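Containing TSV, N, CA and C atoms: structure.tsv.
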```tsv
chain	number	residue	atom	x	y	z
A	1416	MET	N	0.84	-1.16	0.00
A	1416	MET	CA	0.00	0.00	0.00
A	1416	MET	C	0.90	1.24	0.00
A	1417	PRO	N	0.65	2.20	-0.93
A	1417	PRO	CA	1.51	3.38	-0.99
A	1417	PRO	C	1.24	4.33	0.17
A	1418	ALA	N	2.25	5.11	0.50
A	1418	ALA	CA	2.13	6.08	1.60
A	1418	ALA	C	1.24	7.24	1.15
A	1419	PRO	N	0.46	7.79	2.07
A	1419	PRO	CA	-0.39	8.92	1.68
A	1419	PRO	C	0.46	10.14	1.30
A	1420	ALA	N	-0.06	10.88	0.36
A	1420	ALA	CA	0.67	12.06	-0.11
A	1420	ALA	C	0.65	13.14	0.97
A	1421	ALA	N	1.74	13.85	1.05
A	1421	ALA	CA	1.83	14.93	2.03
A	1421	ALA	C	0.96	16.10	1.58
A	1422	ILE	N	0.28	16.69	2.52
A	1422	ILE	CA	-0.58	17.83	2.22
A	1422	ILE	C	0.23	19.11	2.42
A	1423	THR	N	0.25	19.91	1.39
A	1423	THR	CA	0.95	21.19	1.49
A	1423	THR	C	-0.07	22.31	1.37
A	1424	PHE	N	0.08	23.29	2.21
A	1424	PHE	CA	-0.81	24.43	2.18
A	1424	PHE	C	-0.13	25.57	1.44
A	1425	VAL	N	-0.84	26.13	0.52
A	1425	VAL	CA	-0.31	27.24	-0.27
A	1425	VAL	C	-1.05	28.50	0.13
A	1426	GLU	N	-0.29	29.54	0.39
A	1426	GLU	CA	-0.90	30.81	0.77
A	1426	GLU	C	-1.61	31.41	-0.44
A	1427	ALA	N	-2.84	31.82	-0.21
A	1427	ALA	CA	-3.61	32.42	-1.31
A	1427	ALA	C	-3.06	33.80	-1.61
A	1428	PRO	N	-2.98	34.14	-2.88
A	1428	PRO	CA	-2.47	35.47	-3.22
A	1428	PRO	C	-3.45	36.55	-2.79
A	1429	PRO	N	-2.95	37.71	-2.44
A	1429	PRO	CA	-3.86	38.81	-2.10
A	1429	PRO	C	-4.58	39.30	-3.35
A	1430	HIS	N	-5.62	40.06	-3.14
A	1430	HIS	CA	-6.36	40.61	-4.26
A	1430	HIS	C	-5.47	41.54	-5.06
A	1431	LYS	N	-5.67	41.54	-6.38
A	1431	LYS	CA	-4.81	42.36	-7.24
A	1431	LYS	C	-5.18	43.83	-7.22
A	1432	GLY	N	-6.43	44.16	-6.96
A	1432	GLY	CA	-6.85	45.55	-6.90
A	1432	GLY	C	-7.18	46.16	-8.25
A	1433	VAL	N	-7.11	45.37	-9.31
A	1433	VAL	CA	-7.37	45.91	-10.65
A	1433	VAL	C	-8.82	46.35	-10.79
A	1434	GLY	N	-9.74	45.60	-10.23
A	1434	GLY	CA	-11.16	45.94	-10.34
A	1434	GLY	C	-11.47	47.27	-9.67
A	1435	LEU	N	-10.86	47.52	-8.51
A	1435	LEU	CA	-11.08	48.79	-7.83
A	1435	LEU	C	-10.48	49.95	-8.62
A	1436	ILE	N	-9.31	49.75	-9.20
A	1436	ILE	CA	-8.67	50.83	-9.97
A	1436	ILE	C	-9.49	51.14	-11.21
A	1437	VAL	N	-9.92	50.12	-11.94
A	1437	VAL	CA	-10.70	50.33	-13.15
A	1437	VAL	C	-12.07	50.91	-12.81
A	1438	GLY	N	-12.73	50.37	-11.81
A	1438	GLY	CA	-14.04	50.87	-11.42
A	1438	GLY	C	-13.99	52.32	-10.94
A	1439	GLY	N	-12.98	52.66	-10.16
A	1439	GLY	CA	-12.82	54.03	-9.71
A	1439	GLY	C	-12.52	54.98	-10.84
A	1440	SER	N	-11.70	54.55	-11.78
A	1440	SER	CA	-11.39	55.40	-12.94
A	1440	SER	C	-12.63	55.63	-13.79
A	1441	LEU	N	-13.41	54.60	-13.99
A	1441	LEU	CA	-14.65	54.76	-14.77
A	1441	LEU	C	-15.65	55.65	-14.04
A	1442	LEU	N	-15.74	55.51	-12.73
A	1442	LEU	CA	-16.66	56.33	-11.95
A	1442	LEU	C	-16.28	57.81	-12.02
A	1443	VAL	N	-15.00	58.10	-11.93
A	1443	VAL	CA	-14.55	59.49	-12.00
A	1443	VAL	C	-14.70	60.01	-13.43
A	1444	GLY	N	-14.25	59.22	-14.40
A	1444	GLY	CA	-14.23	59.70	-15.78
A	1444	GLY	C	-15.57	59.76	-16.47
A	1445	LEU	N	-16.44	58.80	-16.20
A	1445	LEU	CA	-17.72	58.74	-16.91
A	1445	LEU	C	-18.86	59.40	-16.17
A	1446	LEU	N	-18.77	59.51	-14.85
A	1446	LEU	CA	-19.86	60.14	-14.10
A	1446	LEU	C	-19.44	61.42	-13.40
A	1447	GLY	N	-18.33	61.37	-12.66
A	1447	GLY	CA	-17.95	62.49	-11.81
A	1447	GLY	C	-17.63	63.76	-12.57
A	1448	VAL	N	-16.69	63.68	-13.48
A	1448	VAL	CA	-16.26	64.88	-14.20
A	1448	VAL	C	-17.35	65.43	-15.12
A	1449	PRO	N	-18.04	64.60	-15.92
A	1449	PRO	CA	-19.10	65.17	-16.76
A	1449	PRO	C	-20.25	65.78	-15.97
A	1450	PHE	N	-20.68	65.12	-14.90
A	1450	PHE	CA	-21.77	65.68	-14.09
A	1450	PHE	C	-21.34	67.01	-13.47
A	1451	LEU	N	-20.13	67.06	-12.93
A	1451	LEU	CA	-19.66	68.27	-12.29
A	1451	LEU	C	-19.50	69.39	-13.32
A	1452	ALA	N	-18.94	69.10	-14.48
A	1452	ALA	CA	-18.75	70.13	-15.50
A	1452	ALA	C	-20.09	70.65	-16.01
A	1453	GLU	N	-21.02	69.77	-16.27
A	1453	GLU	CA	-22.34	70.21	-16.75
A	1453	GLU	C	-23.09	70.99	-15.69
A	1454	GLY	N	-23.00	70.55	-14.45
A	1454	GLY	CA	-23.66	71.27	-13.36
A	1454	GLY	C	-23.08	72.66	-13.16
A	1455	LEU	N	-21.75	72.77	-13.24
A	1455	LEU	CA	-21.13	74.08	-13.11
A	1455	LEU	C	-21.49	74.99	-14.28
A	1456	SER	N	-21.51	74.43	-15.48
A	1456	SER	CA	-21.84	75.28	-16.63
A	1456	SER	C	-23.31	75.73	-16.57
A	1457	ARG	N	-24.19	74.89	-16.07
A	1457	ARG	CA	-25.60	75.30	-15.97
A	1457	ARG	C	-25.86	76.24	-14.81
A	1458	SER	N	-25.04	76.16	-13.76
A	1458	SER	CA	-25.27	77.05	-12.63
A	1458	SER	C	-24.59	78.41	-12.83
A	1459	ILE	N	-23.58	78.48	-13.67
A	1459	ILE	CA	-22.87	79.74	-13.90
A	1459	ILE	C	-23.46	80.50	-15.09
A	1460	ALA	N	-23.66	79.79	-16.19
A	1460	ALA	CA	-24.16	80.44	-17.41
A	1460	ALA	C	-25.68	80.55	-17.36
A	1461	PRO	N	-26.24	81.65	-17.85
A	1461	PRO	CA	-27.70	81.77	-17.87
A	1461	PRO	C	-28.31	80.82	-18.90
A	1462	SER	N	-29.54	80.40	-18.63
A	1462	SER	CA	-30.23	79.51	-19.55
A	1462	SER	C	-30.88	80.33	-20.66
A	1463	GLU	N	-31.69	79.67	-21.49
A	1463	GLU	CA	-32.33	80.35	-22.63
A	1463	GLU	C	-33.27	81.46	-22.16
A	1464	GLU	N	-33.88	81.28	-21.01
A	1464	GLU	CA	-34.81	82.29	-20.51
A	1464	GLU	C	-34.09	83.47	-19.86
A	1465	GLY	N	-32.79	83.38	-19.70
A	1465	GLY	CA	-32.04	84.45	-19.08
A	1465	GLY	C	-31.88	84.29	-17.58
A	1466	ALA	N	-32.37	83.21	-17.01
A	1466	ALA	CA	-32.26	82.98	-15.57
A	1466	ALA	C	-31.30	81.83	-15.31
A	1467	PHE	N	-30.69	81.84	-14.14
A	1467	PHE	CA	-29.80	80.76	-13.77
A	1467	PHE	C	-30.63	79.56	-13.32
A	1468	THR	N	-30.07	78.39	-13.41
A	1468	THR	CA	-30.78	77.17	-13.02
A	1468	THR	C	-30.19	76.64	-11.71
A	1469	PRO	N	-30.79	76.95	-10.57
A	1469	PRO	CA	-30.25	76.44	-9.30
A	1469	PRO	C	-30.49	74.95	-9.11
A	1470	GLU	N	-31.36	74.37	-9.92
A	1470	GLU	CA	-31.60	72.93	-9.81
A	1470	GLU	C	-30.36	72.14	-10.21
A	1471	ALA	N	-29.47	72.77	-10.96
A	1471	ALA	CA	-28.27	72.07	-11.40
A	1471	ALA	C	-27.40	71.67	-10.21
A	1472	ILE	N	-27.47	72.42	-9.15
A	1472	ILE	CA	-26.66	72.09	-7.98
A	1472	ILE	C	-27.11	70.76	-7.39
A	1473	ALA	N	-28.41	70.60	-7.21
A	1473	ALA	CA	-28.92	69.36	-6.59
A	1473	ALA	C	-28.88	68.19	-7.54
A	1474	VAL	N	-29.10	68.45	-8.82
A	1474	VAL	CA	-29.24	67.35	-9.77
A	1474	VAL	C	-27.90	66.90	-10.36
A	1475	LEU	N	-26.98	67.82	-10.57
A	1475	LEU	CA	-25.74	67.47	-11.26
A	1475	LEU	C	-24.49	67.63	-10.40
A	1476	ILE	N	-24.37	68.73	-9.68
A	1476	ILE	CA	-23.12	68.99	-8.97
A	1476	ILE	C	-22.92	68.03	-7.80
A	1477	VAL	N	-23.95	67.82	-7.00
A	1477	VAL	CA	-23.81	66.93	-5.84
A	1477	VAL	C	-23.49	65.49	-6.26
A	1478	PRO	N	-24.22	64.89	-7.22
A	1478	PRO	CA	-23.82	63.55	-7.66
A	1478	PRO	C	-22.43	63.51	-8.29
A	1479	GLY	N	-22.04	64.59	-8.97
A	1479	GLY	CA	-20.70	64.64	-9.56
A	1479	GLY	C	-19.62	64.62	-8.51
A	1480	VAL	N	-19.81	65.42	-7.46
A	1480	VAL	CA	-18.82	65.45	-6.38
A	1480	VAL	C	-18.78	64.11	-5.65
A	1481	LEU	N	-19.94	63.51	-5.42
A	1481	LEU	CA	-19.97	62.19	-4.76
A	1481	LEU	C	-19.30	61.12	-5.62
A	1482	ALA	N	-19.52	61.17	-6.93
A	1482	ALA	CA	-18.89	60.19	-7.82
A	1482	ALA	C	-17.38	60.37	-7.83
A	1483	ILE	N	-16.91	61.61	-7.83
A	1483	ILE	CA	-15.46	61.83	-7.79
A	1483	ILE	C	-14.88	61.35	-6.47
A	1484	GLY	N	-15.56	61.65	-5.36
A	1484	GLY	CA	-15.07	61.19	-4.06
A	1484	GLY	C	-15.03	59.68	-3.95
A	1485	GLY	N	-16.09	59.03	-4.41
A	1485	GLY	CA	-16.11	57.57	-4.37
A	1485	GLY	C	-15.10	56.94	-5.31
A	1486	GLY	N	-14.95	57.52	-6.50
A	1486	GLY	CA	-14.00	56.98	-7.47
A	1486	GLY	C	-12.56	57.12	-7.02
A	1487	VAL	N	-12.22	58.27	-6.45
A	1487	VAL	CA	-10.85	58.47	-5.95
A	1487	VAL	C	-10.57	57.51	-4.80
A	1488	THR	N	-11.55	57.29	-3.94
A	1488	THR	CA	-11.37	56.34	-2.84
A	1488	THR	C	-11.13	54.93	-3.38
A	1489	MET	N	-11.88	54.54	-4.40
A	1489	MET	CA	-11.68	53.23	-5.00
A	1489	MET	C	-10.29	53.10	-5.62
A	1490	ILE	N	-9.83	54.16	-6.27
A	1490	ILE	CA	-8.50	54.12	-6.89
A	1490	ILE	C	-7.42	53.98	-5.82
A	1491	VAL	N	-7.55	54.69	-4.72
A	1491	VAL	CA	-6.54	54.63	-3.66
A	1491	VAL	C	-6.50	53.23	-3.04
A	1492	PHE	N	-7.66	52.66	-2.72
A	1492	PHE	CA	-7.67	51.31	-2.14
A	1492	PHE	C	-7.19	50.27	-3.15
A	1493	GLY	N	-7.52	50.45	-4.42
A	1493	GLY	CA	-7.03	49.53	-5.44
A	1493	GLY	C	-5.52	49.59	-5.59
A	1494	ALA	N	-4.96	50.80	-5.50
A	1494	ALA	CA	-3.50	50.94	-5.59
A	1494	ALA	C	-2.81	50.29	-4.39
A	1495	ARG	N	-3.42	50.41	-3.20
A	1495	ARG	CA	-2.85	49.74	-2.03
A	1495	ARG	C	-2.86	48.23	-2.20
A	1496	ARG	N	-3.98	47.70	-2.70
A	1496	ARG	CA	-4.05	46.25	-2.91
A	1496	ARG	C	-3.06	45.82	-3.99
A	1497	ARG	N	-2.90	46.62	-5.02
A	1497	ARG	CA	-1.97	46.28	-6.09
A	1497	ARG	C	-0.53	46.27	-5.57
A	1498	ARG	N	-0.21	47.24	-4.70
A	1498	ARG	CA	1.13	47.28	-4.12
A	1498	ARG	C	1.38	46.04	-3.26
A	1499	ALA	N	0.38	45.63	-2.49
A	1499	ALA	CA	0.52	44.43	-1.66
A	1499	ALA	C	0.67	43.19	-2.54
A	1500	TYR	N	-0.06	43.14	-3.65
A	1500	TYR	CA	0.04	41.99	-4.56
A	1500	TYR	C	1.42	41.92	-5.20
A	1501	ASN	N	1.93	43.07	-5.63
A	1501	ASN	CA	3.27	43.07	-6.25
A	1501	ASN	C	4.34	42.66	-5.25
A	1502	ALA	N	4.22	43.10	-3.99
A	1502	ALA	CA	5.18	42.68	-2.96
A	1502	ALA	C	5.07	41.19	-2.71
A	1503	TRP	N	3.86	40.65	-2.71
A	1503	TRP	CA	3.67	39.20	-2.51
A	1503	TRP	C	4.28	38.43	-3.68
A	1504	ARG	N	4.11	38.95	-4.90
A	1504	ARG	CA	4.63	38.27	-6.08
A	1504	ARG	C	6.16	38.25	-6.09
A	1505	ARG	N	6.79	39.30	-5.58
A	1505	ARG	CA	8.25	39.35	-5.50
A	1505	ARG	C	8.78	38.56	-4.30
A	1506	GLY	N	7.89	38.13	-3.42
A	1506	GLY	CA	8.30	37.36	-2.25
A	1506	GLY	C	8.71	38.23	-1.08
A	1507	GLU	N	8.38	39.50	-1.13
A	1507	GLU	CA	8.74	40.41	-0.05
A	1507	GLU	C	7.59	40.50	0.94
A	1508	PRO	N	7.91	40.72	2.19
A	1508	PRO	CA	6.82	40.95	3.15
A	1508	PRO	C	6.24	42.35	2.93
A	1509	PHE	N	4.95	42.45	2.93
A	1509	PHE	CA	4.31	43.75	2.73
A	1509	PHE	C	3.84	44.27	4.06
A	1510	VAL	N	4.30	45.44	4.40
A	1510	VAL	CA	3.88	46.10	5.63
A	1510	VAL	C	3.08	47.32	5.23
A	1511	ASN	N	1.83	47.33	5.60
A	1511	ASN	CA	0.97	48.47	5.29
A	1511	ASN	C	1.29	49.58	6.28
A	1512	GLN	N	1.88	50.63	5.78
A	1512	GLN	CA	2.26	51.74	6.65
A	1512	GLN	C	1.07	52.67	6.77
A	1513	ARG	N	0.36	52.51	7.86
A	1513	ARG	CA	-0.83	53.30	8.09
A	1513	ARG	C	-0.45	54.60	8.77
A	1514	ARG	N	-0.65	55.69	8.08
A	1514	ARG	CA	-0.26	56.99	8.62
A	1514	ARG	C	-1.33	57.56	9.53
A	1515	GLY	N	-2.55	57.26	9.28
A	1515	GLY	CA	-3.64	57.78	10.09
A	1515	GLY	C	-4.93	57.09	9.71
A	1516	ALA	N	-5.91	57.25	10.54
A	1516	ALA	CA	-7.20	56.62	10.27
A	1516	ALA	C	-8.31	57.55	10.74
A	1517	ILE	N	-9.40	57.50	10.03
A	1517	ILE	CA	-10.60	58.24	10.39
A	1517	ILE	C	-11.69	57.21	10.63
A	1518	SER	N	-12.32	57.28	11.79
A	1518	SER	CA	-13.39	56.33	12.08
A	1518	SER	C	-14.54	57.08	12.74
A	1519	PRO	N	-15.77	56.60	12.53
A	1519	PRO	CA	-16.90	57.25	13.19
A	1519	PRO	C	-16.85	57.01	14.70
A	1520	PHE	N	-17.39	57.95	15.44
A	1520	PHE	CA	-17.37	57.88	16.89
A	1520	PHE	C	-18.78	58.13	17.42
A	1521	VAL	N	-19.23	57.27	18.32
A	1521	VAL	CA	-20.52	57.43	18.98
A	1521	VAL	C	-20.26	57.29	20.48
A	1522	GLY	N	-20.70	58.24	21.25
A	1522	GLY	CA	-20.48	58.19	22.68
A	1522	GLY	C	-21.66	58.77	23.44
A	1523	ARG	N	-21.53	58.79	24.76
A	1523	ARG	CA	-22.58	59.35	25.61
A	1523	ARG	C	-21.94	60.30	26.61
A	1524	THR	N	-22.68	61.33	26.95
A	1524	THR	CA	-22.23	62.25	27.98
A	1524	THR	C	-22.75	61.78	29.34
A	1525	ARG	N	-22.45	62.53	30.38
A	1525	ARG	CA	-22.96	62.17	31.71
A	1525	ARG	C	-24.47	62.24	31.77
A	1526	ASP	N	-25.04	63.12	30.97
A	1526	ASP	CA	-26.50	63.28	30.96
A	1526	ASP	C	-27.19	62.28	30.04
A	1527	ARG	N	-26.44	61.33	29.55
A	1527	ARG	CA	-26.94	60.26	28.67
A	1527	ARG	C	-27.48	60.79	27.34
A	1528	THR	N	-26.87	61.85	26.86
A	1528	THR	CA	-27.19	62.32	25.52
A	1528	THR	C	-26.13	61.79	24.57
A	1529	GLY	N	-26.52	61.56	23.37
A	1529	GLY	CA	-25.59	61.00	22.39
A	1529	GLY	C	-24.67	62.04	21.80
A	1530	THR	N	-23.43	61.64	21.58
A	1530	THR	CA	-22.48	62.48	20.86
A	1530	THR	C	-21.99	61.69	19.66
A	1531	TYR	N	-21.96	62.33	18.55
A	1531	TYR	CA	-21.58	61.68	17.31
A	1531	TYR	C	-20.48	62.50	16.67
A	1532	GLY	N	-19.54	61.85	16.06
A	1532	GLY	CA	-18.44	62.58	15.44
A	1532	GLY	C	-17.49	61.66	14.71
A	1533	VAL	N	-16.31	62.17	14.49
A	1533	VAL	CA	-15.28	61.45	13.77
A	1533	VAL	C	-14.03	61.42	14.64
A	1534	ARG	N	-13.39	60.26	14.73
A	1534	ARG	CA	-12.18	60.09	15.52
A	1534	ARG	C	-11.00	60.00	14.56
A	1535	LEU	N	-9.99	60.82	14.80
A	1535	LEU	CA	-8.75	60.78	14.02
A	1535	LEU	C	-7.68	60.07	14.82
A	1536	GLN	N	-7.05	59.07	14.23
A	1536	GLN	CA	-6.00	58.32	14.90
A	1536	GLN	C	-4.71	58.43	14.08
A	1537	PHE	N	-3.63	58.79	14.76
A	1537	PHE	CA	-2.33	58.91	14.08
A	1537	PHE	C	-1.36	57.94	14.65
```
The structure given in the file should be rewritten as structure tokens.
Amino acid sequence: MPAPAAITFVEAPPHKGVGLIVGGSLLVGLLGVPFLAEGLSRSIAPSEEGAFTPEAIAVLIVPGVLAIGGGVTMIVFGARRRRAYNAWRRGEPFVNQRRGAISPFVGRTRDRTGTYGVRLQF
């Protein structure tokens, strides 16, 4: 009877981050910049009737700014994952150098009222 084969465990590779980089780039390029540019042009330049369109702020500028913020965040996290993947591929240990963190904060005062805010950690 042959001896059982030895079981070897292989470390799974980290995520490559390509999807986040591509998705963030598309979000910024296809939604963020066009919405923001069109909203600014409609809010600055007068319309055919000679009046400004303040609806452009709510309809175009706010979604444009949100799309740019979300897209840039996706690009940054994708680049971090890509850097970790490249370090793993070269066989180097990857140390994520965290410079700071922002996290939501919920607390209570002595009077049992809620306090809400953001905690900065360095």
Go through chain A and collect every residue that DSSP, computed from the backbone, puts in strand (DSSP E or B); the answer should be as a list of chain:residue names.
A:Ala1516, A:Ile1517, A:Ser1518, A:Pro1519, A:Phe1520, A:Val1521, A:Gly1522, A:Arg1523, A:Gly1529, A:Thr1530, A:Tyr1531, A:Gly1532, A:Val1533, A:Arg1534, A:Leu1535, A:Gln1536
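Proximity of A:Thr1528, A:Glu1507, A:Ile1490, A:Leu1535 to Gly1439 in chain A, computed with all atoms listed in the file, is greatest for A:Ile1490.
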Å distance separating atom N of Val1474 in chain A from atom C of Val1533 in chain A, one decimal place
28.8 Å
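Excluding Met1489 in chain A itself and any same-chain residue fewer than 2 positions from it, the protein and nucleic acid residues within 9 Å of it, counting only C-alpha atoms, are A:Leu1435, A:Ile1436, A:Val1437, A:Gly1438, A:Gly1439, A:Ser1440, A:Gly1484, A:Gly1485, A:Gly1486, A:Val1487, A:Val1491, A:Phe1492, A:Gly1493, A:Ala1494.
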Of A:Pro1428, A:Val1433, A:Leu1446, A:Thr1524, the one nearest to Ala1482 in chain A when counting only C-alpha atoms is A:Leu1446
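For the pair CA of Arg1457 in chain A and CA of Val1480 in chain A, the separation is 15.3 Å.
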Run DSSP on the backbone and give me the residues of range 1484-1518 of chain A it puts in alpha helix (DSSP H), as a PyMOL selection string.
chain A and resi 1484-1505
Residues from the last selection, N, CA and C atoms, saved as an mmCIF file, in the frame of the given file:
```cif
data_model
loop_
_atom_site.group_PDB
_atom_site.id
_atom_site.type_symbol
_atom_site.label_atom_id
_atom_site.label_comp_id
_atom_site.auth_asym_id
_atom_site.auth_seq_id
_atom_site.Cartn_x
_atom_site.Cartn_y
_atom_site.Cartn_z
ATOM 1 N N GLY A 1484 -15.560 61.650 -5.360
ATOM 2 C CA GLY A 1484 -15.070 61.190 -4.060
ATOM 3 C C GLY A 1484 -15.030 59.680 -3.950
ATOM 4 N N GLY A 1485 -16.090 59.030 -4.410
ATOM 5 C CA GLY A 1485 -16.110 57.570 -4.370
ATOM 6 C C GLY A 1485 -15.100 56.940 -5.310
ATOM 7 N N GLY A 1486 -14.950 57.520 -6.500
ATOM 8 C CA GLY A 1486 -14.000 56.980 -7.470
ATOM 9 C C GLY A 1486 -12.560 57.120 -7.020
ATOM 10 N N VAL A 1487 -12.220 58.270 -6.450
ATOM 11 C CA VAL A 1487 -10.850 58.470 -5.950
ATOM 12 C C VAL A 1487 -10.570 57.510 -4.800
ATOM 13 N N THR A 1488 -11.550 57.290 -3.940
ATOM 14 C CA THR A 1488 -11.370 56.340 -2.840
ATOM 15 C C THR A 1488 -11.130 54.930 -3.380
ATOM 16 N N MET A 1489 -11.880 54.540 -4.400
ATOM 17 C CA MET A 1489 -11.680 53.230 -5.000
ATOM 18 C C MET A 1489 -10.290 53.100 -5.620
ATOM 19 N N ILE A 1490 -9.830 54.160 -6.270
ATOM 20 C CA ILE A 1490 -8.500 54.120 -6.890
ATOM 21 C C ILE A 1490 -7.420 53.980 -5.820
ATOM 22 N N VAL A 1491 -7.550 54.690 -4.720
ATOM 23 C CA VAL A 1491 -6.540 54.630 -3.660
ATOM 24 C C VAL A 1491 -6.500 53.230 -3.040
ATOM 25 N N PHE A 1492 -7.660 52.660 -2.720
ATOM 26 C CA PHE A 1492 -7.670 51.310 -2.140
ATOM 27 C C PHE A 1492 -7.190 50.270 -3.150
ATOM 28 N N GLY A 1493 -7.520 50.450 -4.420
ATOM 29 C CA GLY A 1493 -7.030 49.530 -5.440
ATOM 30 C C GLY A 1493 -5.520 49.590 -5.590
ATOM 31 N N ALA A 1494 -4.960 50.800 -5.500
ATOM 32 C CA ALA A 1494 -3.500 50.940 -5.590
ATOM 33 C C ALA A 1494 -2.810 50.290 -4.390
ATOM 34 N N ARG A 1495 -3.420 50.410 -3.200
ATOM 35 C CA ARG A 1495 -2.850 49.740 -2.030
ATOM 36 C C ARG A 1495 -2.860 48.230 -2.200
ATOM 37 N N ARG A 1496 -3.980 47.700 -2.700
ATOM 38 C CA ARG A 1496 -4.050 46.250 -2.910
ATOM 39 C C ARG A 1496 -3.060 45.820 -3.990
ATOM 40 N N ARG A 1497 -2.900 46.620 -5.020
ATOM 41 C CA ARG A 1497 -1.970 46.280 -6.090
ATOM 42 C C ARG A 1497 -0.530 46.270 -5.570
ATOM 43 N N ARG A 1498 -0.210 47.240 -4.700
ATOM 44 C CA ARG A 1498 1.130 47.280 -4.120
ATOM 45 C C ARG A 1498 1.380 46.040 -3.260
ATOM 46 N N ALA A 1499 0.380 45.630 -2.490
ATOM 47 C CA ALA A 1499 0.520 44.430 -1.660
ATOM 48 C C ALA A 1499 0.670 43.190 -2.540
ATOM 49 N N TYR A 1500 -0.060 43.140 -3.650
ATOM 50 C CA TYR A 1500 0.040 41.990 -4.560
ATOM 51 C C TYR A 1500 1.420 41.920 -5.200
ATOM 52 N N ASN A 1501 1.930 43.070 -5.630
ATOM 53 C CA ASN A 1501 3.270 43.070 -6.250
ATOM 54 C C ASN A 1501 4.340 42.660 -5.250
ATOM 55 N N ALA A 1502 4.220 43.100 -3.990
ATOM 56 C CA ALA A 1502 5.180 42.680 -2.960
ATOM 57 C C ALA A 1502 5.070 41.190 -2.710
ATOM 58 N N TRP A 1503 3.860 40.650 -2.710
ATOM 59 C CA TRP A 1503 3.670 39.200 -2.510
ATOM 60 C C TRP A 1503 4.280 38.430 -3.680
ATOM 61 N N ARG A 1504 4.110 38.950 -4.900
ATOM 62 C CA ARG A 1504 4.630 38.270 -6.080
ATOM 63 C C ARG A 1504 6.160 38.250 -6.090
ATOM 64 N N ARG A 1505 6.790 39.300 -5.580
ATOM 65 C CA ARG A 1505 8.250 39.350 -5.500
ATOM 66 C C ARG A 1505 8.780 38.560 -4.300
#
```
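The shortest atom-to-atom distance to Leu1481 in chain A, with all atoms listed in the file taken into account, belongs to A:Leu1442 out of A:Pro1419, A:Leu1442, A:Pro1508, A:Arg1525.
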Nearest to Gly1479 in chain A, restricted to only N, CA and C atoms and choosing among A:Ala1499, A:Thr1530, A:Val1448, A:Ala1421, comes out as A:Val1448
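If only N, CA and C atoms are the atoms counted, then among A:Pro1429, A:Gln1536, A:Ala1473, A:Pro1478 the closest residue to Ser1518 in chain A is A:Gln1536.
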Box time for range 1444-1454 of chain A: axis-aligned, enclosing all its listed atoms, 5 Å extra on each side; report centre and edge lengths in Å to one decimal, as lines of an AutoDock Vina configuration file.
```
center_x = -18.9
center_y = 65.7
center_z = -14.4
size_x = 19.4
size_y = 23.9
size_z = 15.1
```
Gap from CA of Ala1452 in chain A to atom C of Ile1476 in chain A - Å, one decimal
9.0 Å
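The smallest atom-to-atom distance between Ile1517 in chain A and any of A:Arg1534, A:Ala1502, A:Gly1434, A:Ala1471, using all atoms listed in the file, is found for A:Arg1534.
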Tell me which protein, DNA and RNA residues are within 6.5 Å of Tyr1500 in chain A, counting all atoms listed in the file, leaving out same-chain ones fewer than 5 positions away, and put them as a list of chain:residue names.
A:Pro1429, A:His1430, A:Lys1431, A:Arg1495, A:Arg1505
